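Participant: Just so it is clear, I am handing over final_17.cif, which has mmCIF, C-alpha atoms.
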data_model
#
loop_
_atom_site.label_atom_id
_atom_site.label_comp_id
_atom_site.auth_asym_id
_atom_site.auth_seq_id
_atom_site.Cartn_x
_atom_site.Cartn_y
_atom_site.Cartn_z
CA MET A 14 -62.30 -28.08 15.18
CA ARG A 15 -65.32 -26.18 14.06
CA ASN A 16 -63.80 -22.93 15.21
CA ARG A 17 -60.85 -23.34 12.95
CA LYS A 18 -63.01 -24.00 9.93
CA ASN A 19 -65.04 -20.88 10.53
CA ARG A 20 -62.00 -18.63 10.64
CA LYS A 21 -61.69 -16.29 7.71
CA PRO A 22 -58.32 -15.90 6.10
CA ARG A 23 -56.92 -12.55 7.25
CA ASP A 24 -55.09 -10.53 4.67
CA ILE A 25 -51.65 -9.76 6.01
CA LYS A 26 -50.42 -6.19 5.63
CA PHE A 27 -46.86 -5.13 6.13
CA ASN A 28 -46.21 -1.79 7.66
CA THR A 29 -43.89 -0.16 5.16
CA THR A 30 -43.66 3.33 6.62
CA ALA A 31 -40.19 2.63 8.05
CA LEU A 32 -38.87 1.33 4.76
CA PRO A 33 -37.70 4.72 3.40
CA ASP A 34 -35.82 5.29 6.65
CA ILE A 35 -33.91 2.07 6.24
CA VAL A 36 -33.19 2.83 2.62
CA PHE A 37 -31.95 6.31 3.50
CA MET A 38 -29.71 4.91 6.17
CA LEU A 39 -28.15 2.48 3.70
CA LEU A 40 -27.92 5.26 1.13
CA PHE A 41 -25.98 7.52 3.46
CA PHE A 42 -23.71 4.67 4.43
CA PHE A 43 -22.78 3.95 0.85
CA MET A 44 -22.48 7.64 0.01
CA VAL A 45 -19.96 8.10 2.80
CA VAL A 46 -18.05 4.94 2.05
CA THR A 47 -17.83 5.41 -1.70
CA VAL A 48 -14.52 6.64 -3.02
CA MET A 49 -14.67 7.64 -6.63
CA LYS A 50 -11.74 6.52 -8.73
CA ASP A 51 -9.08 9.20 -8.76
CA ASN A 52 -7.78 10.32 -12.09
CA THR A 53 -4.21 9.30 -11.34
CA SER A 54 -5.09 5.66 -11.77
CA GLU A 55 -6.10 6.37 -15.34
CA ARG A 56 -2.56 7.31 -16.22
CA ALA A 57 -0.55 4.68 -17.96
CA VAL A 58 1.32 3.44 -14.94
CA GLU A 59 1.67 -0.29 -14.73
CA LEU A 60 2.46 -1.19 -11.14
CA PRO A 61 4.49 -4.27 -10.28
CA TYR A 62 2.79 -7.21 -8.63
CA THR A 63 4.12 -9.24 -5.73
CA GLN A 64 2.61 -11.96 -3.62
CA TYR A 65 3.75 -10.38 -0.37
CA ALA A 66 2.42 -6.90 0.42
CA ASP A 67 0.94 -4.94 3.29
CA TYR A 68 -2.45 -3.28 3.25
CA ILE A 69 -2.49 0.49 3.65
CA LYS A 70 -4.62 2.06 6.34
CA SER A 71 -6.75 4.45 4.38
CA GLN A 72 -7.11 7.15 7.02
CA ASP A 73 -3.44 8.12 7.18
CA ALA A 74 -2.32 11.33 5.51
CA TYR A 75 0.06 10.93 2.64
CA VAL A 76 1.79 12.53 -0.31
CA LEU A 77 1.31 10.87 -3.68
CA ILE A 78 4.10 10.65 -6.22
CA VAL A 79 3.72 9.06 -9.63
CA ILE A 80 6.54 8.30 -12.04
CA GLU A 81 5.24 7.54 -15.47
CA GLN A 82 7.26 6.42 -18.44
CA SER A 83 6.01 7.14 -21.94
CA GLU A 84 6.57 4.76 -24.84
CA VAL A 85 9.60 6.73 -26.00
CA GLY A 86 11.08 6.42 -22.53
CA GLU A 87 10.37 9.97 -21.46
CA LEU A 88 9.73 10.37 -17.74
CA LYS A 89 6.95 12.38 -16.17
CA TYR A 90 6.77 13.07 -12.46
CA TYR A 91 3.47 13.83 -10.77
CA ILE A 92 3.46 15.11 -7.22
CA GLU A 93 -0.02 15.52 -5.79
CA ASN A 94 -1.32 15.47 -9.37
CA LYS A 95 0.94 18.29 -10.53
CA LEU A 96 3.12 17.46 -13.51
CA HIS A 97 6.87 18.05 -13.38
CA SER A 98 9.21 17.32 -16.25
CA ASN A 99 12.53 17.72 -14.49
CA LEU A 100 13.99 16.84 -11.11
CA LYS A 101 14.73 20.45 -10.19
CA SER A 102 11.06 21.34 -10.06
CA VAL A 103 10.32 18.05 -8.27
CA ASP A 104 12.83 19.11 -5.63
CA ASN A 105 11.22 22.52 -5.23
CA HIS A 106 7.77 21.02 -4.90
CA LEU A 107 8.98 18.52 -2.29
CA ALA A 108 10.63 21.29 -0.29
CA LYS A 109 7.38 23.23 -0.34
CA LEU A 110 5.41 20.14 0.76
CA ARG A 111 7.86 19.61 3.60
CA THR A 112 7.20 23.09 4.97
CA ASP A 113 3.44 22.58 4.49
CA HIS A 114 3.54 19.36 6.52
CA ILE A 115 5.97 20.65 9.14
CA ALA A 116 3.68 19.42 11.92
CA ASP A 117 3.70 15.91 10.53
CA PRO A 118 7.34 14.75 10.25
CA ASP A 119 6.36 11.12 9.76
CA ILE A 120 4.02 11.68 6.85
CA SER A 121 4.24 8.79 4.44
CA VAL A 122 4.78 9.00 0.72
CA LYS A 123 2.87 6.70 -1.58
CA ILE A 124 4.85 6.04 -4.72
CA LYS A 125 3.44 4.71 -7.95
CA ILE A 126 6.16 3.82 -10.40
CA ASP A 127 5.87 2.12 -13.73
CA LYS A 128 7.37 -1.33 -13.43
CA TYR A 129 9.70 -0.91 -16.42
CA THR A 130 11.39 2.21 -15.00
CA SER A 131 15.16 1.96 -14.56
CA MET A 132 16.38 1.95 -10.98
CA LYS A 133 18.56 4.95 -11.84
CA TYR A 134 15.47 7.17 -11.92
CA VAL A 135 13.91 5.52 -8.89
CA ASN A 136 17.08 6.14 -6.90
CA GLU A 137 17.16 9.77 -8.02
CA MET A 138 13.66 10.21 -6.65
CA LYS A 139 14.61 8.41 -3.44
CA SER A 140 17.55 10.69 -2.77
CA LEU A 141 15.36 13.76 -3.36
CA LEU A 142 12.92 12.39 -0.80
CA GLN A 143 15.76 11.84 1.67
CA ASP A 144 17.07 15.37 1.11
CA ASN A 145 13.64 16.75 1.91
CA SER A 146 13.22 14.53 4.98
CA PHE A 147 10.49 12.28 3.66
CA PHE A 148 11.59 8.93 5.04
CA LYS A 149 8.50 6.74 5.13
CA VAL A 150 7.80 5.49 1.65
CA LYS A 151 5.20 3.04 0.43
CA TYR A 152 5.76 1.46 -2.94
CA LEU A 153 2.30 0.75 -4.28
CA ILE A 154 1.62 -2.73 -5.58
CA LYS A 155 -0.90 -3.76 -8.16
CA ASN A 156 -4.10 -5.22 -6.78
CA MET A 157 -4.88 -8.43 -8.52
CA GLU A 158 -8.38 -8.26 -9.91
CA VAL A 159 -9.94 -11.53 -10.86
CA MET B 7 -63.96 39.20 -3.45
CA PRO B 8 -64.27 35.50 -4.06
CA ARG B 9 -63.87 33.47 -1.01
CA ARG B 10 -60.81 31.38 -1.25
CA ASN B 11 -60.96 27.99 0.18
CA ARG B 12 -57.37 27.46 1.21
CA LYS B 13 -56.15 23.95 1.62
CA THR B 14 -52.96 23.13 3.38
CA PRO B 15 -50.49 22.26 0.61
CA GLU B 16 -49.33 18.69 0.62
CA ILE B 17 -46.14 17.36 -0.79
CA GLN B 18 -46.37 14.03 -2.41
CA SER B 19 -43.86 11.88 -0.61
CA GLY B 20 -44.79 8.56 -2.06
CA SER B 21 -41.94 8.54 -4.56
CA ILE B 22 -39.20 9.57 -2.15
CA ALA B 23 -38.52 5.95 -1.39
CA ASP B 24 -38.12 5.24 -5.10
CA ILE B 25 -35.58 8.04 -5.50
CA ALA B 26 -33.70 6.86 -2.44
CA PHE B 27 -33.64 3.32 -3.82
CA LEU B 28 -32.26 4.58 -7.09
CA LEU B 29 -29.45 6.50 -5.38
CA LEU B 30 -28.80 3.60 -3.05
CA ILE B 31 -28.35 1.19 -5.91
CA PHE B 32 -26.08 3.65 -7.71
CA PHE B 33 -23.76 4.02 -4.73
CA MET B 34 -23.85 0.31 -4.00
CA VAL B 35 -22.65 -0.42 -7.50
CA CYS B 36 -19.97 2.31 -7.34
CA THR B 37 -18.51 1.25 -4.01
CA THR B 38 -15.35 -0.79 -4.01
CA PHE B 39 -13.93 -1.98 -0.75
CA GLN B 40 -10.60 -2.77 -2.28
CA ARG B 41 -7.70 -1.54 -0.19
CA GLU B 42 -4.39 -0.43 -1.57
CA LYS B 43 -1.40 -2.67 -1.13
CA SER B 44 2.15 -1.54 -0.72
CA ILE B 45 5.66 -2.48 0.30
CA PRO B 46 6.59 -0.06 3.10
CA MET B 47 10.19 1.02 3.51
CA VAL B 48 11.96 3.51 5.74
CA LEU B 49 14.68 5.44 3.97
CA PRO B 50 17.83 6.28 5.92
CA PRO B 51 18.69 9.94 6.47
CA PRO B 52 21.19 11.32 3.94
CA TYR B 53 24.68 10.22 4.93
CA VAL B 54 27.95 11.89 4.13
CA GLY B 55 31.18 10.54 5.49
CA PRO B 56 33.39 7.54 5.20
CA PRO B 57 31.63 4.24 4.47
CA GLY B 58 31.00 2.19 7.57
CA LYS B 59 32.38 -1.30 7.98
CA VAL B 60 30.28 -4.38 8.55
CA SER B 61 31.83 -7.73 9.34
CA ASP B 62 31.57 -10.08 6.39
CA SER B 63 30.00 -12.87 8.39
CA ARG B 64 26.76 -10.98 8.86
CA VAL B 65 26.36 -9.60 5.36
CA LEU B 66 23.92 -11.17 2.95
CA SER B 67 24.70 -9.74 -0.44
CA LEU B 68 22.08 -9.57 -3.16
CA ILE B 69 23.16 -8.26 -6.53
CA ILE B 70 20.82 -7.44 -9.38
CA ASN B 71 22.51 -6.92 -12.71
CA ALA B 72 21.47 -4.98 -15.80
CA ASP B 73 19.58 -8.00 -17.13
CA ASN B 74 17.58 -8.23 -13.91
CA GLU B 75 19.25 -11.45 -12.87
CA ILE B 76 19.79 -11.93 -9.17
CA MET B 77 22.86 -13.21 -7.37
CA VAL B 78 22.58 -14.35 -3.76
CA GLU B 79 25.97 -14.47 -2.01
CA GLY B 80 27.73 -14.56 -5.36
CA GLN B 81 25.68 -17.41 -6.74
CA ASN B 82 23.33 -17.07 -9.63
CA ILE B 83 20.01 -18.34 -8.38
CA ILE B 84 17.09 -18.84 -10.68
CA THR B 85 14.46 -20.79 -8.78
CA ASP B 86 13.19 -20.35 -5.26
CA ILE B 87 15.25 -17.29 -4.40
CA GLU B 88 13.14 -16.66 -1.32
CA ALA B 89 14.01 -20.04 0.24
CA ASP B 90 17.68 -19.31 -0.36
CA ILE B 91 17.44 -15.91 1.33
CA THR B 92 15.58 -17.45 4.26
CA LYS B 93 18.27 -20.12 4.61
CA HIS B 94 21.07 -17.55 4.75
CA LEU B 95 19.23 -15.31 7.20
CA LYS B 96 18.42 -18.23 9.48
CA GLY B 97 22.05 -19.26 9.54
CA MET B 98 23.07 -15.80 10.71
CA VAL B 99 20.38 -15.39 13.34
CA ASP B 100 21.12 -18.86 14.71
CA ASN B 101 24.73 -17.76 15.23
CA ASN B 102 23.58 -14.62 17.07
CA LYS B 103 24.57 -12.32 14.25
CA LYS B 104 22.41 -9.42 13.21
CA PRO B 105 21.90 -9.82 9.48
CA TYR B 106 22.84 -6.96 7.22
CA ILE B 107 21.23 -7.31 3.82
CA SER B 108 23.04 -5.42 1.13
CA ILE B 109 21.12 -4.98 -2.11
CA LYS B 110 23.27 -3.79 -5.01
CA LEU B 111 21.32 -2.70 -8.03
CA HIS B 112 22.62 -1.99 -11.47
CA GLU B 113 21.40 1.40 -12.63
CA ASN B 114 19.64 -0.20 -15.60
CA SER B 115 17.85 -2.91 -13.65
CA ASN B 116 14.16 -2.26 -13.51
CA TYR B 117 11.84 -1.28 -10.74
CA GLU B 118 9.74 -4.44 -10.99
CA ARG B 119 12.73 -6.61 -10.14
CA TYR B 120 13.68 -4.38 -7.24
CA ILE B 121 10.19 -4.55 -5.77
CA ASN B 122 10.19 -8.31 -6.27
CA VAL B 123 13.41 -8.65 -4.32
CA LEU B 124 12.15 -6.36 -1.55
CA ALA B 125 8.99 -8.43 -1.27
CA MET B 126 11.00 -11.64 -1.09
CA VAL B 127 13.24 -10.23 1.63
CA LYS B 128 10.27 -8.95 3.64
CA SER B 129 8.40 -12.19 3.25
CA SER B 130 11.36 -14.31 4.33
CA ILE B 131 11.89 -12.10 7.39
CA LYS B 132 8.25 -12.63 8.27
CA ASN B 133 8.52 -16.37 7.74
CA LEU B 134 11.59 -16.51 9.96
CA LYS B 135 9.81 -14.60 12.72
CA GLU B 136 6.99 -17.11 12.57
CA VAL B 137 9.46 -19.98 12.78
CA TYR B 138 11.26 -18.46 15.77
CA ALA B 139 8.01 -17.63 17.54
CA ILE B 140 7.11 -21.31 17.54
CA GLN B 141 10.66 -22.46 18.31
CA ARG B 142 11.34 -20.11 21.23
CA TYR B 143 7.95 -19.33 22.71
CA ASN B 144 5.82 -22.15 21.37
CA THR B 145 3.14 -19.70 20.18
CA GLN B 146 1.98 -18.31 16.89
CA TYR B 147 3.68 -15.08 15.82
CA ASN B 148 0.50 -13.00 16.02
CA GLN B 149 -0.25 -14.31 19.53
CA LEU B 150 3.03 -13.29 21.14
CA THR B 151 2.93 -11.09 24.23
CA LYS B 152 4.44 -7.63 24.00
CA ASP B 153 7.65 -8.62 25.78
CA GLN B 154 8.14 -11.67 23.61
CA TYR B 155 7.46 -9.61 20.53
CA HIS B 156 10.09 -7.03 21.50
CA GLN B 157 12.63 -9.74 22.33
CA LEU B 158 12.05 -11.37 18.98
CA THR B 159 12.31 -8.08 17.09
CA LYS B 160 15.53 -7.26 18.91
CA MET B 161 17.01 -10.64 18.15
CA MET B 162 16.02 -10.37 14.52
CA SER B 163 17.01 -6.76 13.93
CA ILE B 164 17.81 -6.78 10.25
CA THR B 165 19.31 -3.91 8.32
CA ILE B 166 18.59 -3.46 4.65
CA SER B 167 21.02 -1.33 2.71
CA GLU B 168 20.71 -0.38 -0.93
CA SER B 169 23.28 0.88 -3.33
CA GLN B 170 23.54 1.47 -7.02
CA TYR B 171 26.36 0.53 -9.34
CA ALA B 172 27.15 1.10 -12.98
CA LEU B 173 29.62 -0.73 -15.15
#
Using structure tokens, write down the structure from this file.
Facilitator:
Amino acid sequence: MRNRKNRKPRDIKFNTTALPDIVFMLLFFFMVVTVMKDNTSERAVELPYTQYADYIKSQDAYVLIVIEQSEVGELKYYIENKLHSNLKSVDNHLAKLRTDHIADPDISVKIKIDKYTSMKYVNEMKSLLQDNSFFKVKYLIKNMEV
Amino acid sequence: MPRRNRKTPEIQSGSIADIAFLLLIFFMVCTTFQREKSIPMVLPPPYVGPPGKVSDSRVLSLIINADNEIMVEGQNIITDIEADITKHLKGMVDNNKKPYISIKLHENSNYERYINVLAMVKSSIKNLKEVYAIQRYNTQYNQLTKDQYHQLTKMMSITISESQYAL
């Protein structure tokens, strides 16, 4: 009993030398994981929303196609962020992409299309993709953000 | 010559942790783990030639008109389209017929409706698979063995065909 009373309160010191290491580790993790928003999502494409949808594995290679409709109903096609105003140049670009990805016949195509676009234009794009042997398509769906 | 008293230069490293914290917080705030969602489809290779014939009893016809209204087997359905599709598909699979879903789209129907219909078809196929997994193998769909999975996929092989019409 007496012993306990005589004890002086020790001041507790944490060893913080490893703290920067931990912080750096976390920093590198987040730096690697972070994907900055790509500029295509800033375009005025309103994707459709459905309850049923599959998640996309992010590591797969893909070709991105965007069909945007302006307020006057004019269509703009973006393939890999390059703007095309008519289907002829879309076709040429797709043919070039096909030869670029010759080693990867199953490469998938992510398609972002404005939800008010007529199916006529969607089908035109689909037949161009078929002609250039791009068969795996993924219609992108809006992510509900709460 | 004055005698220089050289000291080994020291770099102040006390604030490195602060800088790292700052960067860490920046990247933590910027990171989003949201994954993209999609409806995957496999397009058929371009086909030229006479149209193939499919027996009527295994065709499920979905028609979307210019006003984005949907007709399932010739009937205008407004509510619970998915349940109706599931019902038709189940009827065919139960009779050992391989369903052939024909989607006819008016050229002025919009993309949103098309995607909606695709999602409904995909979701009812998935629901049916789950039902059959329990019925035939008494297990959950995602716990099927490889053989069972292949059998089920073979039994349920469903073709989706799309065409466009204009009036």
Participant: Once you count only C-alpha atoms, what closest atom pair and distance in Å to one decimal does each residue of chain A within 7 Å of chain B have, with rows by chain and rising residue number, as a tab-separated table?
Facilitator:
residue	atom	partner	partner_atom	distance
A:Pro33	CA	B:Ala23	CA	5.0
A:Val36	CA	B:Phe27	CA	6.5
A:Phe37	CA	B:Ala26	CA	6.2
A:Leu39	CA	B:Leu30	CA	6.9
A:Leu40	CA	B:Leu30	CA	4.6
A:Phe43	CA	B:Phe33	CA	5.7
A:Met44	CA	B:Phe33	CA	6.1
A:Thr47	CA	B:Thr37	CA	4.8
A:Val48	CA	B:Thr37	CA	6.8
A:Pro61	CA	B:Glu118	CA	5.3
A:Thr63	CA	B:Asn122	CA	6.2
A:Tyr65	CA	B:Ala125	CA	5.7
A:Ala66	CA	B:Ile45	CA	5.5
A:Asp67	CA	B:Ser44	CA	5.4
A:Tyr68	CA	B:Lys43	CA	4.5
A:Ile69	CA	B:Glu42	CA	5.6
A:Lys128	CA	B:Glu118	CA	4.6
A:Tyr129	CA	B:Asn116	CA	5.5
A:Thr130	CA	B:Asn116	CA	5.5
A:Ser131	CA	B:Asn116	CA	4.5
A:Met132	CA	B:Glu113	CA	5.3
A:Lys133	CA	B:Glu113	CA	4.6
A:Gln143	CA	B:Pro52	CA	5.9
A:Asp144	CA	B:Pro52	CA	6.4
A:Phe148	CA	B:Leu49	CA	4.8
A:Lys149	CA	B:Val48	CA	4.8
A:Val150	CA	B:Met47	CA	5.4
A:Lys151	CA	B:Pro46	CA	4.3
A:Tyr152	CA	B:Ile45	CA	5.1
A:Leu153	CA	B:Ser44	CA	4.2
A:Ile154	CA	B:Ser44	CA	5.0
A:Asn156	CA	B:Lys43	CA	6.8
Participant: Nearest to Lys95 of chain A: which of A:Val76, A:Leu32, A:Leu141, A:Ile126 is it, counting all atoms listed in the file?
Facilitator: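 Between A:Val76, A:Leu32, A:Leu141, A:Ile126, the residue approaching Lys95 of chain A most closely is A:Val76.
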Participant: Just how far from atom CA of Thr159 of chain B is atom CA of Gln64 of chain A, in Å to one decimal?
Facilitator: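 Rounded to one decimal, the two atoms are 23.2 Å apart.
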Participant: With the file shown as input, list the residues that the PyMOL selection byres ((chain B and resi 154) around 12) selects, as a list in words.
Facilitator: Lys135, Tyr138, Ala139, Ile140, Arg142, Tyr143, Asn144, Thr145, Gln146, Tyr147, Asn148, Gln149, Leu150, Thr151, Lys152, Asp153, Tyr155, His156, Gln157, Leu158, Thr159, Lys160 and Met161 of chain B
Participant: Give as a PyMOL selection string the residues that the PyMOL selection byres ((chain A and resi 78) around 7) matches when applied to the coordinates above.
Facilitator: chain A and resi 76-77+79-80+91-93+123-125
Participant: Output the residue selection produced by the PyMOL selection byres ((chain B and resi 167) around 9) on the file above, formatted as number ranges by chain.
Facilitator: B: 50, 106-110, 165-166, 168-169
Participant: Could you save those same residues with C-alpha atoms as a CSV table (one decimal), keeping the file's coordinate frame?
Facilitator:
chain,number,residue,atom,x,y,z
B,50,PRO,CA,17.8,6.3,5.9
B,106,TYR,CA,22.8,-7.0,7.2
B,107,ILE,CA,21.2,-7.3,3.8
B,108,SER,CA,23.0,-5.4,1.1
B,109,ILE,CA,21.1,-5.0,-2.1
B,110,LYS,CA,23.3,-3.8,-5.0
B,165,THR,CA,19.3,-3.9,8.3
B,166,ILE,CA,18.6,-3.5,4.6
B,168,GLU,CA,20.7,-0.4,-0.9
B,169,SER,CA,23.3,0.9,-3.3
Participant: What does the structure give for the distance between atom CA of Asn74 of chain B and atom CA of Lys93 of chain B, in Å to one decimal?
Facilitator: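 One can read the atom CA of Asn74 of chain B to atom CA of Lys93 of chain B distance as 22.0 Å.
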Participant: In Å, rounded to a single decimal, give me how far atom CA of Asp62 of chain B is from atom CA of Val78 of chain B.
Facilitator: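 A separation of 14.2 Å between them.
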